[in-house]
file upload-v1.csv (CSV, C-alpha atoms and all ligand atoms)
chain,number,residue,atom,x,y,z
A,1,MET,CA,0.0,0.0,0.0
A,2,ILE,CA,1.5,3.3,-1.1
A,3,ASP,CA,0.9,6.6,0.9
A,4,SER,CA,0.9,9.0,-2.1
A,5,HIS,CA,1.4,12.2,-0.1
A,6,THR,CA,3.0,12.6,3.2
A,7,HIS,CA,5.5,14.7,5.1
A,8,VAL,CA,7.7,12.1,6.8
A,9,THR,CA,10.4,14.6,7.7
A,10,SER,CA,7.8,16.8,9.5
A,11,CYS,CA,6.2,14.1,11.6
A,12,GLY,CA,8.0,15.2,14.8
A,13,ASP,CA,9.7,11.8,15.3
A,14,ASP,CA,12.8,10.1,13.8
A,15,PRO,CA,11.8,9.6,10.1
A,16,ASP,CA,13.4,6.1,10.2
A,17,ALA,CA,11.1,5.1,13.1
A,18,VAL,CA,8.1,6.6,11.3
A,19,LEU,CA,9.0,4.5,8.2
A,20,ALA,CA,9.5,1.4,10.3
A,21,ARG,CA,6.0,1.7,11.8
A,22,ALA,CA,4.6,2.3,8.3
A,23,ARG,CA,6.2,-0.8,6.9
A,24,ALA,CA,5.0,-2.9,9.9
A,25,ALA,CA,1.4,-1.7,9.1
A,26,GLY,CA,1.7,-2.8,5.4
A,27,VAL,CA,2.9,0.5,3.7
A,28,THR,CA,5.2,-0.4,0.8
A,29,GLY,CA,6.0,3.0,-0.4
A,30,VAL,CA,5.6,6.7,0.4
A,31,VAL,CA,5.9,10.0,-1.6
A,32,THR,CA,7.2,12.4,1.0
A,33,ILE,CA,6.8,16.0,-0.1
A,34,GLY,CA,9.5,18.6,-0.4
A,35,SER,CA,7.8,22.0,-0.5
A,36,SER,CA,10.3,24.3,0.9
A,37,ARG,CA,14.1,24.5,0.6
A,38,GLU,CA,14.5,22.8,4.1
A,39,GLU,CA,11.9,20.1,3.4
A,40,MET,CA,13.4,19.3,0.0
A,41,ALA,CA,16.8,18.8,1.5
A,42,ALA,CA,15.5,16.6,4.4
A,43,ALA,CA,13.2,14.6,2.2
A,44,THR,CA,15.8,14.0,-0.5
A,45,ALA,CA,18.3,12.8,2.1
A,46,LEU,CA,15.7,10.4,3.4
A,47,ALA,CA,14.8,9.2,-0.1
A,48,GLU,CA,18.5,8.5,-0.9
A,49,ARG,CA,18.6,6.1,2.0
A,50,HIS,CA,15.3,4.3,1.5
A,51,VAL,CA,14.3,2.6,-1.7
A,52,ASP,CA,10.6,2.8,-0.7
A,53,VAL,CA,10.7,6.6,-0.3
A,54,HIS,CA,10.3,9.1,-3.2
A,55,THR,CA,10.0,12.8,-3.0
A,56,THR,CA,9.1,16.0,-4.8
A,57,ALA,CA,10.5,19.5,-5.4
A,58,GLY,CA,8.3,22.6,-5.0
A,59,LEU,CA,7.0,25.5,-2.9
A,60,HIS,CA,3.9,25.2,-0.8
A,61,PRO,CA,1.3,28.0,-1.5
A,62,HIS,CA,1.6,29.1,2.2
A,63,GLY,CA,5.3,30.0,1.4
A,64,ALA,CA,4.5,31.7,-1.9
A,65,ASP,CA,5.9,35.0,-0.7
A,66,GLY,CA,9.3,33.4,-1.1
A,67,TRP,CA,8.9,32.7,-4.8
A,68,ASP,CA,11.6,34.2,-6.9
A,69,ASP,CA,13.9,33.3,-9.8
A,70,ASP,CA,16.5,31.8,-7.5
A,71,LEU,CA,14.0,29.4,-5.9
A,72,ALA,CA,12.6,28.5,-9.3
A,73,ASP,CA,16.1,27.6,-10.4
A,74,HIS,CA,16.7,25.6,-7.3
A,75,ILE,CA,13.4,23.6,-7.8
A,76,GLU,CA,14.2,22.9,-11.4
A,77,ARG,CA,17.7,21.7,-10.6
A,78,HIS,CA,16.4,19.7,-7.7
A,79,ALA,CA,13.9,18.1,-9.9
A,80,ALA,CA,16.7,16.3,-11.8
A,81,HIS,CA,17.5,14.2,-8.7
A,82,PRO,CA,16.6,10.6,-9.4
A,83,ARG,CA,14.4,10.2,-6.3
A,84,VAL,CA,12.3,13.3,-7.2
A,85,VAL,CA,9.1,12.2,-8.9
A,86,ALA,CA,6.9,15.3,-9.1
A,87,ILE,CA,6.8,19.1,-8.8
A,88,GLY,CA,4.9,20.5,-5.8
A,89,GLU,CA,3.0,20.7,-3.7
A,90,THR,CA,1.9,23.9,-5.3
A,91,GLY,CA,-1.5,25.4,-5.9
A,92,LEU,CA,-3.8,28.0,-4.4
A,93,ASP,CA,-5.0,28.3,-0.8
A,94,PHE,CA,-7.6,31.1,-0.6
A,95,PHE,CA,-8.9,29.7,2.7
A,96,ARG,CA,-5.9,30.4,4.9
A,97,ASP,CA,-4.5,33.1,2.6
A,98,ARG,CA,-1.1,32.8,4.3
A,99,ALA,CA,0.5,34.5,1.2
A,100,PRO,CA,-1.0,37.2,-1.0
A,101,ARG,CA,-3.1,35.8,-3.8
A,102,GLU,CA,-1.0,37.4,-6.6
A,103,ARG,CA,2.1,35.7,-5.1
A,104,GLN,CA,0.4,32.4,-4.9
A,105,LEU,CA,-0.6,32.7,-8.5
A,106,ALA,CA,2.9,33.6,-9.6
A,107,ALA,CA,4.4,30.6,-7.7
A,108,PHE,CA,1.8,28.3,-9.0
A,109,ARG,CA,2.1,29.2,-12.6
A,110,GLY,CA,5.9,29.2,-12.3
A,111,GLN,CA,5.8,25.7,-11.0
A,112,LEU,CA,3.4,24.5,-13.7
A,113,GLU,CA,6.0,25.8,-16.2
A,114,ILE,CA,8.8,23.9,-14.5
A,115,ALA,CA,6.7,20.8,-14.4
A,116,ARG,CA,6.0,21.0,-18.1
A,117,ARG,CA,9.7,21.7,-18.9
A,118,VAL,CA,11.0,18.8,-16.9
A,119,ALA,CA,8.1,16.6,-17.8
A,120,LEU,CA,7.1,15.6,-14.2
A,121,PRO,CA,3.7,15.3,-12.7
A,122,VAL,CA,2.5,18.2,-10.5
A,123,VAL,CA,1.1,17.8,-7.0
A,124,ILE,CA,-1.7,20.3,-6.3
A,125,HIS,CA,-2.9,21.8,-3.0
A,126,ALA,CA,-6.2,23.5,-3.5
A,127,ARG,CA,-8.4,25.1,-0.8
A,128,ASP,CA,-11.3,27.4,-1.5
A,129,ALA,CA,-9.8,28.2,-4.9
A,130,ALA,CA,-11.3,25.8,-7.4
A,131,ASP,CA,-12.8,28.5,-9.6
A,132,GLU,CA,-9.3,30.1,-10.2
A,133,LEU,CA,-7.3,26.9,-10.0
A,134,VAL,CA,-9.2,24.5,-12.3
A,135,PRO,CA,-9.1,26.6,-15.5
A,136,LEU,CA,-5.5,27.5,-14.9
A,137,LEU,CA,-4.6,23.9,-14.5
A,138,ALA,CA,-6.6,22.9,-17.6
A,139,ALA,CA,-4.6,25.4,-19.6
A,140,GLU,CA,-1.1,25.1,-18.2
A,141,ALA,CA,-0.7,21.7,-16.5
A,142,PRO,CA,1.8,19.1,-17.4
A,143,GLU,CA,0.6,15.7,-18.6
A,144,THR,CA,0.0,14.3,-15.1
A,145,VAL,CA,-1.9,16.1,-12.3
A,146,VAL,CA,-2.4,14.8,-8.8
A,147,LEU,CA,-5.1,16.7,-6.7
A,148,HIS,CA,-3.7,16.1,-3.2
A,149,CYS,CA,-6.2,16.1,-0.2
A,150,PHE,CA,-9.0,16.1,-2.8
A,151,SER,CA,-11.5,18.7,-1.7
A,152,MET,CA,-13.6,19.6,-4.7
A,153,PRO,CA,-16.3,16.9,-4.7
A,154,ASP,CA,-18.7,19.0,-6.7
A,155,ARG,CA,-16.1,19.0,-9.6
A,156,LEU,CA,-15.3,15.3,-9.6
A,157,ALA,CA,-16.8,14.7,-13.1
A,158,GLU,CA,-14.9,17.7,-14.5
A,159,VAL,CA,-11.5,16.8,-13.0
A,160,ALA,CA,-11.9,13.1,-13.9
A,161,GLY,CA,-12.7,14.2,-17.4
A,162,HIS,CA,-9.2,15.8,-17.5
A,163,GLY,CA,-7.8,12.5,-16.2
A,164,TRP,CA,-6.4,14.1,-13.0
A,165,TYR,CA,-5.7,11.9,-10.1
A,166,CYS,CA,-7.8,12.4,-7.0
A,167,SER,CA,-5.9,11.7,-3.8
A,168,PHE,CA,-8.1,11.2,-0.7
A,169,ALA,CA,-6.7,12.0,2.8
A,170,GLY,CA,-7.9,11.1,6.3
A,171,ASN,CA,-10.6,13.7,6.4
A,172,VAL,CA,-12.7,11.5,4.1
A,173,THR,CA,-13.3,9.4,7.3
A,174,TYR,CA,-14.8,12.2,9.2
A,175,GLY,CA,-18.5,12.2,10.2
A,176,ASN,CA,-19.3,15.5,8.4
A,177,ALA,CA,-17.6,14.5,5.1
A,178,GLY,CA,-20.6,13.2,3.2
A,179,ALA,CA,-19.9,15.0,-0.1
A,180,LEU,CA,-16.3,13.9,0.0
A,181,GLN,CA,-17.3,10.3,0.8
A,182,GLU,CA,-19.6,10.3,-2.2
A,183,ALA,CA,-16.8,11.5,-4.3
A,184,ALA,CA,-14.5,8.7,-3.0
A,185,ARG,CA,-17.3,6.2,-3.8
A,186,ARG,CA,-17.7,7.6,-7.4
A,187,CYS,CA,-14.1,8.4,-8.3
A,188,PRO,CA,-13.0,6.3,-11.3
A,189,ALA,CA,-10.9,3.4,-10.0
A,190,GLU,CA,-7.9,4.2,-12.2
A,191,LEU,CA,-7.7,7.8,-10.9
A,192,LEU,CA,-8.1,7.0,-7.1
A,193,LEU,CA,-5.1,7.6,-4.8
A,194,LEU,CA,-5.0,7.5,-1.0
A,195,GLU,CA,-2.7,9.5,1.3
A,196,THR,CA,-2.1,10.6,4.8
A,197,ASP,CA,-0.8,14.2,4.4
A,198,ALA,CA,0.9,13.3,7.7
A,199,PRO,CA,1.3,14.9,10.2
A,200,TYR,CA,-2.0,16.5,9.4
A,201,LEU,CA,-5.6,15.1,9.0
A,202,SER,CA,-5.4,11.9,11.0
A,203,PRO,CA,-8.1,9.5,9.9
A,204,VAL,CA,-10.6,8.1,12.4
A,205,PRO,CA,-9.8,6.6,15.0
A,206,PHE,CA,-6.6,8.7,15.2
A,207,ARG,CA,-8.4,12.0,14.6
A,208,GLY,CA,-6.9,14.8,16.8
A,209,ARG,CA,-3.6,13.1,17.2
A,210,PRO,CA,-0.5,13.5,14.9
A,211,ASN,CA,-0.8,11.6,11.7
A,212,GLU,CA,1.8,9.3,10.2
A,213,PRO,CA,2.0,7.1,7.1
A,214,ALA,CA,1.0,3.9,8.9
A,215,HIS,CA,-2.5,5.4,9.3
A,216,VAL,CA,-3.1,5.3,5.6
A,217,MET,CA,-4.3,1.8,6.3
A,218,GLU,CA,-7.3,3.2,8.2
A,219,THR,CA,-8.2,5.4,5.2
A,220,LEU,CA,-7.8,2.4,2.9
A,221,ARG,CA,-10.2,0.3,5.0
A,222,PHE,CA,-12.7,3.2,5.2
A,223,VAL,CA,-12.7,3.9,1.4
A,224,ALA,CA,-12.8,0.2,0.6
A,225,GLY,CA,-16.0,0.0,2.7
A,226,LEU,CA,-17.5,3.0,0.9
A,227,ARG,CA,-16.8,1.4,-2.5
A,228,GLY,CA,-17.7,-2.1,-1.5
A,229,SER,CA,-14.2,-3.3,-2.5
A,230,GLU,CA,-11.9,-5.8,-0.8
A,231,VAL,CA,-9.2,-4.0,1.1
A,232,GLU,CA,-6.4,-5.9,-0.7
A,233,GLU,CA,-8.0,-5.1,-4.1
A,234,LEU,CA,-8.2,-1.4,-3.3
A,235,ALA,CA,-4.7,-1.3,-2.0
A,236,ALA,CA,-3.4,-2.9,-5.2
A,237,GLN,CA,-5.5,-0.5,-7.3
A,238,THR,CA,-4.4,2.7,-5.6
A,239,SER,CA,-0.8,1.6,-5.3
A,240,ALA,CA,-0.7,0.7,-9.1
A,241,ASN,CA,-2.2,4.2,-9.7
A,242,ALA,CA,0.5,5.9,-7.6
A,243,THR,CA,3.2,3.9,-9.3
A,244,ARG,CA,1.8,4.9,-12.7
A,245,ALA,CA,1.1,8.6,-11.8
A,246,PHE,CA,4.6,9.2,-10.3
A,247,ARG,CA,6.4,6.6,-12.5
A,248,LEU,CA,7.9,5.1,-9.3
A,249,ARG,CA,11.1,3.3,-10.1
A,250,ALA,CA,11.2,0.7,-7.3
A,251,PRO,CA,8.3,-1.8,-7.4
A,252,ALA,CA,6.1,-1.6,-4.4
A,253,THR,CA,6.8,-5.2,-3.3
A,254,GLY,CA,7.7,-4.3,0.3
A,255,ARG,CA,11.1,-5.8,-0.2
A,256,ARG,CA,14.0,-3.4,0.2
A,257,PRO,CA,17.2,-4.3,-1.6
A,258,ASP,CA,19.2,-2.1,0.9
A,259,GLY,CA,18.0,-4.4,3.7
A,260,ALA,CA,17.3,-1.4,5.9
B,301,ZN,ZN,1.1,18.1,1.9
call {"tool": "encode", "arguments": {"input": "upload-v1.csv", "output": "structure tokens"}}
result
Amino acid sequence: MIDSHTHVTSCGDDPDAVLARARAAGVTGVVTIGSSREEMAAATALAERHVDVHTTAGLHPHGADGWDDDLADHIERHAAHPRVVAIGETGLDFFRDRAPRERQLAAFRGQLEIARRVALPVVIHARDAADELVPLLAAEAPETVVLHCFSMPDRLAEVAGHGWYCSFAGNVTYGNAGALQEAARRCPAELLLLETDAPYLSPVPFRGRPNEPAHVMETLRFVAGLRGSEVEELAAQTSANATRAFRLRAPATGRRPDGA
């Protein structure tokens, strides 16, 4: 089972211990996000040591005020690292508005341009910004788009029509998430991904406590229940989707040639 979006290096515990608990729970691979200079450095160092860890290069919309040519160069050079499988997470967050919207738009469009140039998928963070984000993405996205922490259930048909992956996080398990649950039920099987977004958004029964990749198994069980699928079948489907979307190099067999 692959956790398609997590922040292992921000989980507040030794990343090796976090990964060990994930493997013990049945997690065979993670994509740990690098969305600041510091996170990129830490995540890449981790991915170099663990064959079941891949990473990304980008700038989170919360940090969009830091977008400039120098950082754009840094991200593009970093994207050439063999363990980097996507650009992001980037996007628009008009809910928290931690950076001015023009800055978020500049950083977002700049990263879409990099993703096209280096031919990598883009990992999208979207919050209360679908009206601005979806048309921009439709016009400027690279070939592969992953909508992380999927949060636009009313646009499921439209985004599925574009062939964009929809990655559901632990909040799909929450009692008030009816529309999101309906989207997880109806999402085309070949576009469905599951993630933790750890340390955020712990699924039930861990809600309110720090999240970690091992807990993706709870989201897996919950979404399998929604879809009337066998847990093993959904794990295989979502892991195959993650492997295809991110063109993961190491097969998700759970065996680690490094013996770590
Ligand atoms: Zn994230």
call {"tool": "residues_near_ligand", "arguments": {"input": "upload-v1.csv", "ligand": "ligand ZN 301 (chain B)", "cutoff": "8 Å", "atoms": "only C-alpha atoms and all ligand atoms", "output": "list in words"}}
result
His5, Thr6, His7, Ile33, Glu89, His125, His148, Cys149, Asp197 and Ala198 of chain A
call {"tool": "residues_around", "arguments": {"input": "upload-v1.csv", "residues": "Ala240 of chain A", "least_positions_apart": "3", "cutoff": "10 Å", "atoms": "all atoms listed in the file", "output": "PyMOL selection string"}}
result
chain A and resi 1-2+190+192-193+234-237+243-245+247-248+251-252
call {"tool": "closest_residue", "arguments": {"input": "upload-v1.csv", "among": "A:Gly58, A:Ala179, A:Asp52, A:Arg207", "to": "Ala115 of chain A", "atoms": "only C-alpha atoms"}}
result
A:Gly58
call {"tool": "closest_residue", "arguments": {"input": "upload-v1.csv", "among": "A:Arg101, A:Arg96, A:Arg155, A:His50", "to": "Glu182 of chain A", "atoms": "all atoms listed in the file"}}
result
A:Arg155
call {"tool": "atom_distance", "arguments": {"input": "upload-v1.csv", "atom1": "atom CA of Arg127 of chain A", "atom2": "atom CA of Phe150 of chain A"}}
result
9.2 Å
call {"tool": "atom_distance", "arguments": {"input": "upload-v1.csv", "atom1": "atom CA of Pro213 of chain A", "atom2": "atom CA of Ala157 of chain A"}}
result
28.6 Å
call {"tool": "closest_residue", "arguments": {"input": "upload-v1.csv", "among": "A:Arg117, A:Arg209, A:Arg109, A:Arg249", "to": "Val53 of chain A", "atoms": "only C-alpha atoms"}}
result
A:Arg249
call {"tool": "closest_residue", "arguments": {"input": "upload-v1.csv", "among": "A:Ala43, A:Cys187, A:Leu180, A:Ala64", "to": "Thr238 of chain A", "atoms": "only C-alpha atoms"}}
result
A:Cys187
call {"tool": "residues_near_point", "arguments": {"input": "upload-v1.csv", "point": "(3.1, -0.2, 6.3)", "cutoff": "12 Å", "atoms": "all atoms listed in the file", "output": "NGL selection string"}}
result
:A and (1-3 or 17-30 or 52 or 212-218 or 220 or 235 or 252-255)
call {"tool": "atom_distance", "arguments": {"input": "upload-v1.csv", "atom1": "atom CA of Ala129 of chain A", "atom2": "atom CA of Phe206 of chain A"}}
result
28.2 Å
call {"tool": "residues_around", "arguments": {"input": "upload-v1.csv", "residues": "Leu112 of chain A", "least_positions_apart": "4", "cutoff": "7 Å", "atoms": "all atoms listed in the file", "output": "PyMOL selection string"}}
result
chain A and resi 108+116+140-142
call {"tool": "write_last_selection", "arguments": {"input": "upload-v1.csv", "atoms": "C-alpha atoms", "output": "PDB file, in the coordinates of the input"}}
result
ATOM      1  CA  PHE A 108       1.800  28.300  -9.000  1.00  0.00           C
ATOM      2  CA  ARG A 116       6.000  21.000 -18.100  1.00  0.00           C
ATOM      3  CA  GLU A 140      -1.100  25.100 -18.200  1.00  0.00           C
ATOM      4  CA  ALA A 141      -0.700  21.700 -16.500  1.00  0.00           C
ATOM      5  CA  PRO A 142       1.800  19.100 -17.400  1.00  0.00           C
TER       6      PRO A 142
END
call {"tool": "residues_around", "arguments": {"input": "upload-v1.csv", "residues": "Thr219 of chain A", "least_positions_apart": "5", "cutoff": "8 Å", "atoms": "all atoms listed in the file", "output": "PyMOL selection string"}}
result
chain A and resi 169-170+172-173+194-195+203
call {"tool": "residues_around", "arguments": {"input": "upload-v1.csv", "residues": "Ala130 of chain A", "least_positions_apart": "4", "cutoff": "8 Å", "atoms": "all atoms listed in the file", "output": "list in words"}}
result
Ala126, Val134 and Met152 of chain A
call {"tool": "write_last_selection", "arguments": {"input": "upload-v1.csv", "atoms": "C-alpha atoms", "output": "compact mmCIF listing (two decimals), in the frame of the given file"}}
result
# COMPACT_ATOMS: atom_id res chain seq x y z
CA ALA A 126 -6.20 23.50 -3.50
CA VAL A 134 -9.20 24.50 -12.30
CA MET A 152 -13.60 19.60 -4.70
